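Here's run-v7.tsv, which has TSV, C-alpha atoms:
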chain	number	residue	atom	x	y	z
A	26	ASN	CA	-9.57	-5.72	-26.52
A	27	ALA	CA	-11.00	-7.74	-29.35
A	28	GLU	CA	-14.05	-8.78	-27.33
A	29	TYR	CA	-15.79	-5.49	-27.27
A	30	MET	CA	-16.81	-4.29	-30.67
A	31	GLY	CA	-19.60	-2.05	-31.76
A	32	GLY	CA	-21.43	0.64	-29.86
A	33	ALA	CA	-23.35	0.35	-26.62
A	34	GLY	CA	-27.09	0.12	-27.07
A	35	GLY	CA	-28.64	3.42	-26.14
A	36	ARG	CA	-27.04	6.72	-25.39
A	37	THR	CA	-24.18	7.31	-23.00
A	38	SER	CA	-25.42	8.70	-19.71
A	39	ILE	CA	-23.08	8.86	-16.78
A	40	ARG	CA	-24.16	9.94	-13.33
A	41	ILE	CA	-21.23	10.67	-11.10
A	42	GLY	CA	-21.97	10.70	-7.38
A	43	PRO	CA	-20.62	13.34	-4.99
A	44	GLY	CA	-16.85	13.25	-4.69
A	45	SER	CA	-16.32	10.73	-7.45
A	46	ILE	CA	-13.58	11.47	-9.92
A	47	VAL	CA	-13.45	10.07	-13.41
A	48	CYS	CA	-10.41	10.75	-15.56
A	49	ALA	CA	-11.28	11.98	-19.01
A	50	ASP	CA	-8.92	9.42	-20.54
A	51	ALA	CA	-11.11	6.59	-19.30
A	52	GLU	CA	-13.57	5.17	-21.78
A	53	LEU	CA	-17.13	5.15	-20.51
A	54	LYS	CA	-20.03	4.05	-22.69
A	55	GLY	CA	-23.69	3.50	-21.97
A	56	GLU	CA	-25.60	4.14	-18.79
A	57	ILE	CA	-23.29	4.16	-15.78
A	58	VAL	CA	-24.03	5.37	-12.27
A	59	PHE	CA	-21.26	5.99	-9.76
A	60	GLY	CA	-21.67	6.31	-6.02
A	61	LEU	CA	-19.66	8.52	-3.67
A	62	LYS	CA	-15.89	8.92	-3.82
A	63	CYS	CA	-15.14	6.55	-6.67
A	64	PHE	CA	-12.03	7.02	-8.70
A	65	VAL	CA	-11.68	5.89	-12.28
A	66	HIS	CA	-8.09	5.98	-13.50
A	67	PRO	CA	-7.09	6.83	-17.07
A	68	LYS	CA	-7.38	4.09	-19.67
A	69	ALA	CA	-10.03	2.24	-17.68
A	70	ARG	CA	-12.92	1.05	-19.79
A	71	ILE	CA	-16.45	0.77	-18.45
A	72	ILE	CA	-18.86	-0.30	-21.16
A	73	ALA	CA	-22.55	-0.69	-20.41
A	74	GLU	CA	-23.32	-2.52	-23.61
A	75	ASN	CA	-26.41	-4.58	-22.88
A	76	GLY	CA	-27.65	-2.69	-19.89
A	77	PRO	CA	-26.73	-0.20	-17.16
A	78	ILE	CA	-23.89	-0.56	-14.70
A	79	TYR	CA	-24.42	0.68	-11.16
A	80	ILE	CA	-21.25	1.15	-9.18
A	81	GLY	CA	-21.32	1.72	-5.42
A	82	ASP	CA	-19.25	4.02	-3.18
A	83	SER	CA	-15.47	4.26	-2.88
A	84	CYS	CA	-14.65	1.96	-5.78
A	85	MET	CA	-11.19	2.29	-7.22
A	86	ILE	CA	-10.97	1.33	-10.87
A	87	GLU	CA	-7.39	1.26	-12.09
A	88	GLU	CA	-5.85	1.41	-15.55
A	89	GLN	CA	-6.75	-1.00	-18.32
A	90	VAL	CA	-9.63	-2.46	-16.31
A	91	LEU	CA	-12.50	-3.58	-18.50
A	92	ILE	CA	-15.91	-3.63	-16.82
A	93	ILE	CA	-18.42	-4.64	-19.41
A	94	ASN	CA	-22.09	-5.46	-19.22
A	95	GLN	CA	-22.57	-8.14	-21.82
A	96	LEU	CA	-25.25	-9.94	-19.86
A	97	THR	CA	-27.91	-11.62	-21.88
A	98	ASP	CA	-29.96	-12.81	-18.98
A	99	GLY	CA	-29.48	-11.05	-15.69
A	100	ALA	CA	-31.42	-11.55	-12.52
A	101	LEU	CA	-31.77	-7.83	-12.06
A	102	ARG	CA	-33.58	-5.91	-14.70
A	103	GLY	CA	-33.56	-2.17	-14.91
A	104	ALA	CA	-35.75	0.20	-16.82
A	105	ASP	CA	-36.45	-1.00	-20.38
A	106	ASP	CA	-36.00	-4.52	-19.05
A	107	ARG	CA	-32.27	-4.52	-19.75
A	108	PRO	CA	-30.01	-6.61	-17.49
A	109	VAL	CA	-28.28	-4.58	-14.81
A	110	MET	CA	-24.73	-5.12	-13.65
A	111	SER	CA	-24.41	-3.98	-10.08
A	112	ILE	CA	-21.16	-3.45	-8.26
A	113	GLY	CA	-21.02	-2.78	-4.54
A	114	SER	CA	-18.88	-0.44	-2.47
A	115	HIS	CA	-15.23	-0.27	-1.51
A	116	ASN	CA	-14.11	-2.56	-4.31
A	117	LEU	CA	-10.61	-2.36	-5.67
A	118	PHE	CA	-10.19	-3.25	-9.32
A	119	GLU	CA	-6.48	-3.46	-10.02
A	120	VAL	CA	-4.73	-2.98	-13.34
A	121	GLY	CA	-5.97	-4.91	-16.32
A	122	CYS	CA	-8.74	-7.02	-14.82
A	123	THR	CA	-11.77	-7.96	-16.88
A	124	ILE	CA	-15.11	-7.97	-15.07
A	125	LYS	CA	-18.31	-9.27	-16.57
A	126	ALA	CA	-19.99	-10.58	-13.43
A	127	HIS	CA	-23.58	-9.57	-12.98
A	128	LYS	CA	-23.38	-8.80	-9.30
A	129	ILE	CA	-20.44	-7.85	-7.14
A	130	GLY	CA	-20.69	-7.17	-3.42
A	131	ASP	CA	-18.58	-4.94	-1.18
A	132	LEU	CA	-14.96	-4.86	-0.07
A	133	ASN	CA	-13.61	-7.12	-2.81
A	134	THR	CA	-10.17	-6.93	-4.36
A	135	PHE	CA	-9.61	-7.94	-7.96
A	136	GLU	CA	-5.90	-8.29	-8.54
A	137	PRO	CA	-4.17	-7.43	-11.82
A	138	LYS	CA	-5.30	-9.22	-14.94
A	139	CYS	CA	-7.91	-11.45	-13.35
A	140	VAL	CA	-10.94	-12.37	-15.42
A	141	VAL	CA	-14.41	-12.77	-13.93
A	142	GLU	CA	-17.07	-14.03	-16.33
A	143	SER	CA	-20.73	-13.17	-16.41
A	144	GLN	CA	-22.21	-16.16	-14.60
A	145	CYS	CA	-20.38	-15.24	-11.42
A	146	GLU	CA	-21.75	-13.46	-8.45
A	147	ILE	CA	-19.17	-12.21	-6.00
A	148	SER	CA	-20.21	-11.48	-2.45
A	149	THR	CA	-18.28	-9.64	0.25
A	150	GLY	CA	-14.62	-9.51	1.11
A	151	CYS	CA	-13.35	-11.74	-1.70
A	152	THR	CA	-9.93	-11.48	-3.23
A	153	ILE	CA	-9.53	-12.73	-6.76
A	154	GLY	CA	-5.83	-13.31	-7.34
A	155	ALA	CA	-3.75	-12.09	-10.23
A	156	LEU	CA	-4.29	-13.83	-13.58
A	157	CYS	CA	-7.06	-15.98	-12.06
A	158	HIS	CA	-9.95	-16.87	-14.25
A	159	LEU	CA	-13.43	-17.27	-12.77
A	160	THR	CA	-15.63	-18.75	-15.42
A	161	SER	CA	-18.46	-20.84	-14.14
A	162	CYS	CA	-19.53	-20.32	-10.60
A	163	ASP	CA	-22.88	-19.26	-9.28
A	164	ARG	CA	-22.02	-17.48	-6.12
A	165	MET	CA	-18.69	-17.08	-4.41
A	166	PRO	CA	-18.79	-17.52	-0.64
A	167	ASP	CA	-17.93	-14.51	1.53
A	168	ASN	CA	-14.27	-13.82	2.28
A	169	CYS	CA	-13.08	-16.24	-0.36
A	170	VAL	CA	-9.62	-15.96	-1.84
A	171	VAL	CA	-8.96	-17.31	-5.32
A	172	PHE	CA	-5.32	-17.93	-6.07
A	173	GLY	CA	-2.88	-20.00	-8.03
A	174	SER	CA	-2.77	-21.21	-11.59
A	175	ASN	CA	-5.49	-23.76	-10.81
A	176	ASN	CA	-7.81	-21.14	-9.36
A	177	GLN	CA	-7.78	-22.75	-5.94
A	178	ARG	CA	-9.94	-21.25	-3.28
A	179	ARG	CA	-9.81	-20.88	0.41
A	180	ILE	CA	-11.71	-18.89	2.96
A	181	CYS	CA	-9.79	-16.00	4.40
A	182	GLY	CA	-9.80	-15.45	8.14
A	183	ASP	CA	-9.24	-11.69	8.09
A	184	LYS	CA	-11.90	-9.07	8.25
A	185	PRO	CA	-12.56	-7.82	4.73
A	186	GLN	CA	-10.99	-4.48	3.91
A	187	THR	CA	-9.52	-2.78	0.89
A	188	SER	CA	-7.22	0.15	0.44
A	189	ALA	CA	-9.61	1.73	-2.04
A	190	SER	CA	-10.79	4.55	0.20
A	191	LEU	CA	-7.25	5.23	1.51
A	192	GLN	CA	-5.98	5.53	-2.04
A	193	TYR	CA	-8.86	7.79	-2.91
A	194	ASP	CA	-7.95	10.19	-0.10
A	195	LEU	CA	-4.39	10.41	-1.40
A	196	ILE	CA	-5.00	10.86	-5.08
A	197	SER	CA	-8.17	12.91	-5.05
A	198	CYS	CA	-6.18	15.96	-3.96
A	199	THR	CA	-3.63	15.77	-6.74
A	200	ALA	CA	-5.86	14.38	-9.47
A	201	ASN	CA	-6.88	17.88	-10.50
A	202	LYS	CA	-3.31	18.85	-11.28
A	203	TYR	CA	-2.39	15.86	-13.37
A	204	HIS	CA	-5.48	14.73	-15.21
A	205	ASN	CA	-8.33	16.06	-17.24
A	206	LEU	CA	-11.31	15.10	-15.18
A	207	LYS	CA	-14.99	14.54	-15.46
A	208	LYS	CA	-15.85	15.61	-11.97
A	209	ALA	CA	-19.01	15.31	-9.97
A	210	LYS	CA	-20.98	18.49	-9.72
A	211	VAL	CA	-21.46	18.02	-5.98
A	212	PRO	CA	-18.36	17.65	-3.75
A	213	ALA	CA	-17.99	14.79	-1.28
A	214	PRO	CA	-20.09	15.20	1.83
A	215	LYS	CA	-18.18	16.33	4.92
A	216	PRO	CA	-18.06	13.76	7.73
A	217	ASN	CA	-20.70	14.26	10.35
A	218	ILE	CA	-19.13	15.59	13.52
A	219	PRO	CA	-21.82	15.73	16.16
A	220	ALA	CA	-21.96	18.96	18.14
A	221	THR	CA	-20.77	18.57	21.70
B	28	MET	CA	23.98	-11.24	-34.36
B	29	GLU	CA	22.66	-7.77	-35.04
B	30	LEU	CA	19.00	-6.89	-34.55
B	31	GLY	CA	17.18	-5.79	-37.68
B	32	ASP	CA	16.07	-2.19	-38.06
B	33	VAL	CA	12.75	-1.30	-36.47
B	34	LYS	CA	11.36	1.72	-38.25
B	35	TYR	CA	8.92	4.11	-36.70
B	36	SER	CA	7.23	7.12	-38.14
B	37	ARG	CA	8.49	10.44	-36.82
B	38	ALA	CA	4.96	11.59	-36.15
B	39	ASP	CA	4.37	8.76	-33.68
B	40	PHE	CA	7.28	9.38	-31.36
B	41	ILE	CA	8.58	12.35	-29.45
B	42	GLU	CA	12.34	12.48	-29.27
B	43	THR	CA	13.83	14.47	-26.42
B	44	ALA	CA	17.17	16.21	-26.17
B	45	SER	CA	18.81	13.35	-24.31
B	46	GLY	CA	17.66	10.86	-26.90
B	47	ASN	CA	14.57	9.44	-25.21
B	48	LYS	CA	11.94	8.27	-27.67
B	49	VAL	CA	8.45	8.34	-26.25
B	50	SER	CA	5.40	7.27	-28.21
B	51	ARG	CA	2.67	9.86	-28.58
B	52	GLN	CA	0.11	7.16	-27.89
B	53	SER	CA	1.46	6.35	-24.49
B	54	ILE	CA	0.02	8.04	-21.45
B	55	LEU	CA	2.53	9.68	-19.15
B	56	CYS	CA	0.68	11.18	-16.22
B	57	GLY	CA	2.51	13.67	-14.08
B	58	SER	CA	5.41	14.00	-16.49
B	59	GLN	CA	7.14	16.44	-14.12
B	60	ASN	CA	7.75	13.51	-11.82
B	61	ILE	CA	8.99	11.12	-14.48
B	62	THR	CA	12.73	11.08	-15.13
B	63	LEU	CA	14.09	9.36	-18.22
B	64	ASN	CA	17.83	9.31	-18.05
B	65	GLY	CA	18.57	9.11	-21.74
B	66	LYS	CA	18.18	6.90	-24.81
B	67	THR	CA	15.11	5.17	-23.41
B	68	VAL	CA	12.39	3.95	-25.72
B	69	ILE	CA	8.77	3.97	-24.56
B	70	GLN	CA	6.42	2.31	-26.99
B	71	ARG	CA	2.76	2.97	-27.68
B	72	ASP	CA	-0.10	2.44	-25.18
B	73	CYS	CA	2.14	2.42	-22.16
B	74	VAL	CA	0.78	4.00	-19.02
B	75	ILE	CA	3.29	5.61	-16.71
B	76	ARG	CA	1.72	7.07	-13.60
B	77	GLY	CA	4.06	9.79	-12.48
B	78	ASP	CA	1.19	11.55	-10.76
B	79	LEU	CA	1.11	9.01	-7.95
B	80	ALA	CA	4.81	9.16	-7.09
B	81	ASN	CA	8.17	9.87	-8.69
B	82	ILE	CA	9.29	7.46	-11.38
B	83	GLY	CA	12.94	7.31	-12.38
B	84	ILE	CA	13.95	5.28	-15.41
B	85	GLY	CA	17.61	4.72	-16.27
B	86	ARG	CA	19.51	4.91	-19.52
B	87	HIS	CA	18.92	2.67	-22.53
B	88	CYS	CA	15.72	1.17	-21.15
B	89	VAL	CA	13.13	-0.28	-23.45
B	90	ILE	CA	9.48	-0.38	-22.45
B	91	ASN	CA	7.34	-2.33	-24.89
B	92	PRO	CA	3.69	-1.63	-25.75
B	93	ASN	CA	0.82	-1.76	-23.28
B	94	THR	CA	2.89	-1.90	-20.14
B	95	VAL	CA	1.72	-0.15	-16.99
B	96	LEU	CA	4.28	1.39	-14.64
B	97	ARG	CA	2.43	2.20	-11.52
B	98	PRO	CA	3.99	3.20	-8.20
B	99	SER	CA	2.85	1.03	-5.33
B	100	PHE	CA	0.94	1.97	-2.27
B	101	LYS	CA	2.16	1.59	1.30
B	102	LYS	CA	0.40	1.86	4.60
B	103	PHE	CA	2.63	3.31	7.29
B	104	SER	CA	1.68	3.56	10.93
B	105	LYS	CA	1.23	7.28	10.44
B	106	GLY	CA	-0.68	7.16	7.21
B	107	VAL	CA	-0.43	6.04	3.63
B	108	SER	CA	1.55	7.11	0.62
B	109	PHE	CA	2.69	5.99	-2.79
B	110	PHE	CA	6.24	4.65	-3.05
B	111	PRO	CA	8.52	5.99	-5.79
B	112	LEU	CA	9.42	3.57	-8.57
B	113	HIS	CA	13.05	3.32	-9.71
B	114	ILE	CA	14.14	1.42	-12.75
B	115	GLY	CA	17.85	0.98	-13.41
B	116	ASP	CA	19.80	1.23	-16.66
B	117	HIS	CA	19.57	-1.17	-19.59
B	118	VAL	CA	16.28	-2.73	-18.46
B	119	PHE	CA	14.21	-4.44	-21.13
B	120	ILE	CA	10.52	-4.63	-20.25
B	121	GLU	CA	8.34	-6.64	-22.61
B	122	SER	CA	4.76	-5.86	-23.55
B	123	ASP	CA	1.62	-6.15	-21.37
B	124	CYS	CA	3.49	-6.05	-18.08
B	125	VAL	CA	2.14	-4.54	-14.89
B	126	ILE	CA	4.91	-3.12	-12.79
B	127	SER	CA	4.24	-1.92	-9.26
B	128	ALA	CA	7.68	-2.67	-7.90
B	129	ALA	CA	9.57	-0.26	-5.70
B	130	ASN	CA	12.86	-0.89	-7.39
B	131	ILE	CA	14.03	-2.69	-10.49
B	132	GLY	CA	17.79	-2.98	-10.69
B	133	SER	CA	19.87	-2.43	-13.79
B	134	TYR	CA	20.32	-4.96	-16.58
B	135	CYS	CA	17.03	-6.75	-15.89
B	136	TYR	CA	14.72	-8.44	-18.33
B	137	ILE	CA	11.00	-8.53	-17.58
B	138	GLY	CA	9.11	-11.05	-19.71
B	139	LYS	CA	5.88	-10.48	-21.55
B	140	GLY	CA	2.69	-10.18	-19.54
B	141	SER	CA	4.30	-10.50	-16.16
B	142	ILE	CA	2.90	-8.88	-13.06
B	143	ILE	CA	5.42	-7.43	-10.65
B	144	GLY	CA	3.64	-7.02	-7.33
B	145	ARG	CA	3.61	-4.10	-4.97
B	146	ARG	CA	6.82	-2.88	-3.34
B	147	CYS	CA	8.97	-5.62	-4.88
B	148	ILE	CA	12.67	-5.15	-5.06
B	149	ILE	CA	14.29	-6.75	-8.06
B	150	LYS	CA	18.06	-6.60	-7.89
B	151	GLU	CA	20.48	-6.29	-10.81
B	152	CYS	CA	20.76	-8.71	-13.71
B	153	CYS	CA	17.54	-10.61	-13.04
B	154	ALA	CA	15.22	-12.09	-15.57
B	155	ILE	CA	11.50	-12.56	-15.02
B	156	ALA	CA	9.88	-15.16	-17.24
B	157	GLU	CA	6.86	-14.53	-19.41
B	158	GLY	CA	3.53	-14.51	-17.65
B	159	SER	CA	4.95	-14.78	-14.18
B	160	ILE	CA	3.52	-13.17	-11.11
B	161	VAL	CA	6.00	-11.76	-8.63
B	162	PRO	CA	4.13	-11.59	-5.32
B	163	PRO	CA	4.09	-8.33	-3.35
B	164	GLU	CA	7.12	-7.42	-1.25
B	165	THR	CA	9.36	-10.04	-2.84
B	166	VAL	CA	13.06	-9.39	-2.99
B	167	ILE	CA	14.69	-11.11	-5.95
B	168	PRO	CA	18.45	-11.52	-5.53
B	169	PRO	CA	20.84	-10.56	-8.32
B	170	LEU	CA	21.47	-12.89	-11.25
B	171	SER	CA	18.37	-14.99	-10.69
B	172	PHE	CA	15.70	-16.15	-13.03
B	173	PHE	CA	12.19	-15.97	-11.63
B	174	SER	CA	9.34	-17.81	-13.29
B	175	GLY	CA	5.75	-18.73	-12.52
B	176	THR	CA	4.51	-17.68	-9.13
B	177	THR	CA	5.84	-18.07	-5.61
B	178	SER	CA	6.58	-21.73	-5.62
B	179	ALA	CA	9.00	-21.70	-8.54
B	180	PRO	CA	12.62	-22.18	-7.52
B	181	TYR	CA	15.20	-19.61	-8.53
B	182	GLU	CA	17.61	-20.47	-11.27
B	183	GLU	CA	20.90	-18.73	-11.67
B	184	LEU	CA	21.81	-16.61	-14.66
B	185	PRO	CA	25.36	-16.50	-16.00
B	186	GLU	CA	27.59	-13.60	-15.05
B	187	CYS	CA	27.69	-12.35	-18.61
B	188	THR	CA	24.03	-11.30	-18.28
B	189	LYS	CA	25.09	-7.72	-17.66
B	190	ASP	CA	26.98	-7.56	-20.96
B	191	LEU	CA	24.15	-9.33	-22.76
B	192	MET	CA	21.59	-6.82	-21.51
B	193	ILE	CA	23.80	-3.87	-22.41
B	194	ASP	CA	24.13	-5.38	-25.85
B	195	ILE	CA	20.42	-5.97	-26.33
B	196	THR	CA	19.29	-2.55	-25.16
B	197	LYS	CA	21.97	-0.57	-26.96
B	198	ASN	CA	21.35	-2.48	-30.16
B	199	TYR	CA	17.60	-1.98	-29.86
B	200	TYR	CA	18.06	1.75	-29.51
B	201	GLN	CA	20.52	1.97	-32.38
B	202	HIS	CA	18.20	0.08	-34.68
B	203	PHE	CA	15.09	1.98	-33.64
B	204	ILE	CA	15.21	4.55	-36.38
B	205	PRO	CA	12.74	6.93	-37.94
B	206	SER	CA	11.49	6.02	-41.35

Could you show the structure in this file as structure tokens?
Amino acid sequence: NAEYMGGAGGRTSIRIGPGSIVCADAELKGEIVFGLKCFVHPKARIIAENGPIYIGDSCMIEEQVLIINQLTDGALRGADDRPVMSIGSHNLFEVGCTIKAHKIGDLNTFEPKCVVESQCEISTGCTIGALCHLTSCDRMPDNCVVFGSNNQRRICGDKPQTSASLQYDLISCTANKYHNLKKAKVPAPKPNIPAT
Amino acid sequence: MELGDVKYSRADFIETASGNKVSRQSILCGSQNITLNGKTVIQRDCVIRGDLANIGIGRHCVINPNTVLRPSFKKFSKGVSFFPLHIGDHVFIESDCVISAANIGSYCYIGKGSIIGRRCIIKECCAIAEGSIVPPETVIPPLSFFSGTTSAPYEELPECTKDLMIDITKNYYQHFIPS
């Protein structure tokens, strides 16, 4: 909590894609764009300090997660030449993780209290274990699992998948009852059922 | 040895009829589904997600600041749902923990910063060391001491652990007084 101090540069502008649900208790600062069907739990903190954060579809961001754009020199530059932090789809950010990586792909799982620093680029299907610390790495290989107190890695044989979208289906129905929400203005698109 | 008095300001805590003391700065979602059985203390900045599934917490429990109690998620053949979370009596949970267990037995001690994985079952009188990670679906037998991650061997706790935990939690509650 001590790392983030001071306000985000620029005004707060949040674009919430169709079907995404953001709990009002979550702290969102700066320019953040959400895709479809994301869910941001209460007490999550997404801070676009040095530049915008673009989050893809079906991301599940749990409590006490800190996603912060503190990039000084990102490969991607948005409008105003500020470094962009881009997060892919179907990612599951579990309780208490700290994410500063400049680019995250799809279908990754970040277990509780892991820390991913800004030099990292995470590709597809990775699982970063609980309490693991990813400091200096350029690009994680696909399907990599980081585990253990020594941050060992191995390549996982399974097809990448996360429970993010399954969880979304469950809690999106009841979220209205239990939380104050910042909801998307457009509801989630209905699945395309081709006419017979 | 008696614990010293821990004073709190009346404005910061809500005290219920059965003696539960819940901090106003904690977030209890879905409070209809959260059952506190009496004389439980919930400190500030805790997050208790009763909206996902039922959470039952026993008597004389102590939940220290910044802990997250979050029911776990289970995929059945016929679909998915969130599992209820049950915590027994006289459980002392230190700060910064993440608890997704299905069941925590009575008289347990959960050390600071530990992560209890999904659907774990922790039986009575266990102690979990500081900073340990209990992997998902682990069953921890009674009277054992779990530390580190999977590879750490179990140690045994003495049989007086139950009385020690009753002592600690009751004392904590008695000395947790409004200023």

Distance filter 8 Å, only C-alpha atoms, chain B against chain A, as a PDB file with C-alpha atoms, in the frame of the given file:
ATOM      1  CA  CYS B  56       0.680  11.180 -16.220  1.00  0.00           C
ATOM      2  CA  GLY B  57       2.510  13.670 -14.080  1.00  0.00           C
ATOM      3  CA  VAL B  74       0.780   4.000 -19.020  1.00  0.00           C
ATOM      4  CA  ASP B  78       1.190  11.550 -10.760  1.00  0.00           C
ATOM      5  CA  LEU B  79       1.110   9.010  -7.950  1.00  0.00           C
ATOM      6  CA  VAL B  95       1.720  -0.150 -16.990  1.00  0.00           C
ATOM      7  CA  PHE B 100       0.940   1.970  -2.270  1.00  0.00           C
ATOM      8  CA  VAL B 107      -0.430   6.040   3.630  1.00  0.00           C
ATOM      9  CA  SER B 108       1.550   7.110   0.620  1.00  0.00           C
ATOM     10  CA  VAL B 125       2.140  -4.540 -14.890  1.00  0.00           C
ATOM     11  CA  ILE B 142       2.900  -8.880 -13.060  1.00  0.00           C
ATOM     12  CA  ILE B 160       3.520 -13.170 -11.110  1.00  0.00           C
ATOM     13  CA  THR B 176       4.510 -17.680  -9.130  1.00  0.00           C
TER      14      THR B 176
END

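Going from atom CA of B:Ala80 to atom CA of B:Cys124 covers 18.8 Å.
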
What is the distance, in Å and to one decimal place, between atom CA of B:Ile69 and atom CA of B:Glu151?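 Separating atom CA of B:Ile69 from atom CA of B:Glu151 is a distance of 20.8 Å.
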
Nearest to B:Ala156 by atom-to-atom distance, counting only C-alpha atoms, from B:Glu121, B:Ser127, B:Thr188, B:Ser99: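 Smallest separation from B:Ala156 among the options: B:Glu121.
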
Can you tell me, as a list in words, what residues are no more than 8 Å from A:Arg40 when counting all atoms listed in the file, ignoring any on the same chain fewer than 6 positions away?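 So, after excluding close chain neighbours, the residues are Ile57, Val58 and Phe59 of chain A.
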
Coordinates-based distance that separates atom CA of A:Thr37 from atom CA of A:Ile72 (Å, one decimal): 9.5 Å

Option closest in space to B:Arg145, from B:Pro111, B:Gly132, B:Gly65, B:Gly158 [counting all atoms listed in the file]: B:Pro111

Enumerate, as a list in words, the protein, DNA and RNA residues whose atoms approach (-9.2, -12.9, -13.1) to within 8 Å, taking into account all atoms listed in the file and the coordinate frame of the file.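 Output: Cys122, Thr123, Ile124, Phe135, Glu136, Pro137, Lys138, Cys139, Val140, Val141, Ile153, Gly154, Ala155, Leu156, Cys157, His158 and Leu159 of chain A.
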
Emit as lines of an AutoDock Vina configuration file the padded axis-aligned box for all listed atoms of stretch 179-194 of chain B, 5 Å per side, with centre and edge lengths in Å to one decimal.
center_x = 18.3
center_y = -13.0
center_z = -16.7
size_x = 28.7
size_y = 28.3
size_z = 28.3

Option closest in space to A:Gly150, from A:His115, A:Lys54, A:Arg107, A:His127 [counting only C-alpha atoms]: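 That would be A:His115, the residue with the smallest distance to A:Gly150.
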
I'd like the neighbourhood of A:Leu53 as a list in words, where a residue qualifies if any of its atoms comes within 10 Å (using only C-alpha atoms), though same-chain residues fewer than 5 positions away should be ignored. Ala33, Thr37, Ser38, Ile39, Val47, Val65, Lys68, Ala69, Arg70, Ile71, Ile72, Ala73, Ile92 and Ile93 of chain A

Keeping only C-alpha atoms, take the residues you just selected and write them out as a CSV table (one decimal), in the coordinates of the input.
chain,number,residue,atom,x,y,z
A,33,ALA,CA,-23.4,0.4,-26.6
A,37,THR,CA,-24.2,7.3,-23.0
A,38,SER,CA,-25.4,8.7,-19.7
A,39,ILE,CA,-23.1,8.9,-16.8
A,47,VAL,CA,-13.4,10.1,-13.4
A,65,VAL,CA,-11.7,5.9,-12.3
A,68,LYS,CA,-7.4,4.1,-19.7
A,69,ALA,CA,-10.0,2.2,-17.7
A,70,ARG,CA,-12.9,1.0,-19.8
A,71,ILE,CA,-16.4,0.8,-18.4
A,72,ILE,CA,-18.9,-0.3,-21.2
A,73,ALA,CA,-22.6,-0.7,-20.4
A,92,ILE,CA,-15.9,-3.6,-16.8
A,93,ILE,CA,-18.4,-4.6,-19.4

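Using only C-alpha atoms, the smallest distance between any of B:Ile75, B:Val68, B:Val161, B:Cys187 and B:Cys88 comes from B:Val68.
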
With all atoms listed in the file counted, which protein, DNA or RNA residues have an atom no more than 10 Å from (19.6, 0.2, -35.9) in the file frame? Please answer as a list in words. Glu29, Leu30, Gly31, Asp32, Val33, Lys34, Lys197, Asn198, Tyr199, Tyr200, Gln201, His202, Phe203, Ile204 and Pro205 of chain B

Near stretch 160-163 of chain A, within 9 Å and counting only C-alpha atoms, which residues show up once chain neighbours fewer than 5 positions away are dropped, as a PDB file with C-alpha atoms, keeping the file's coordinate frame?
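The result, written out as out09.pdb:
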ATOM      1  CA  VAL A 140     -10.940 -12.370 -15.420  1.00  0.00           C
ATOM      2  CA  VAL A 141     -14.410 -12.770 -13.930  1.00  0.00           C
ATOM      3  CA  GLU A 142     -17.070 -14.030 -16.330  1.00  0.00           C
ATOM      4  CA  SER A 143     -20.730 -13.170 -16.410  1.00  0.00           C
ATOM      5  CA  GLN A 144     -22.210 -16.160 -14.600  1.00  0.00           C
ATOM      6  CA  CYS A 145     -20.380 -15.240 -11.420  1.00  0.00           C
ATOM      7  CA  GLU A 146     -21.750 -13.460  -8.450  1.00  0.00           C
ATOM      8  CA  ILE A 147     -19.170 -12.210  -6.000  1.00  0.00           C
TER       9      ILE A 147
END

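Closest approach to B:Asn60 among B:Cys152, B:Leu112, B:Ile167, B:Leu184 is made by B:Leu112 (distances from only C-alpha atoms).
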
Can you tell me which residues surround B:Ile82 at a distance of at most 9 Å, considering all atoms listed in the file, apart from same-chain residues fewer than 5 positions away, and format the answer as a PyMOL selection string? chain B and resi 60-63+75-77+96-98+111-114
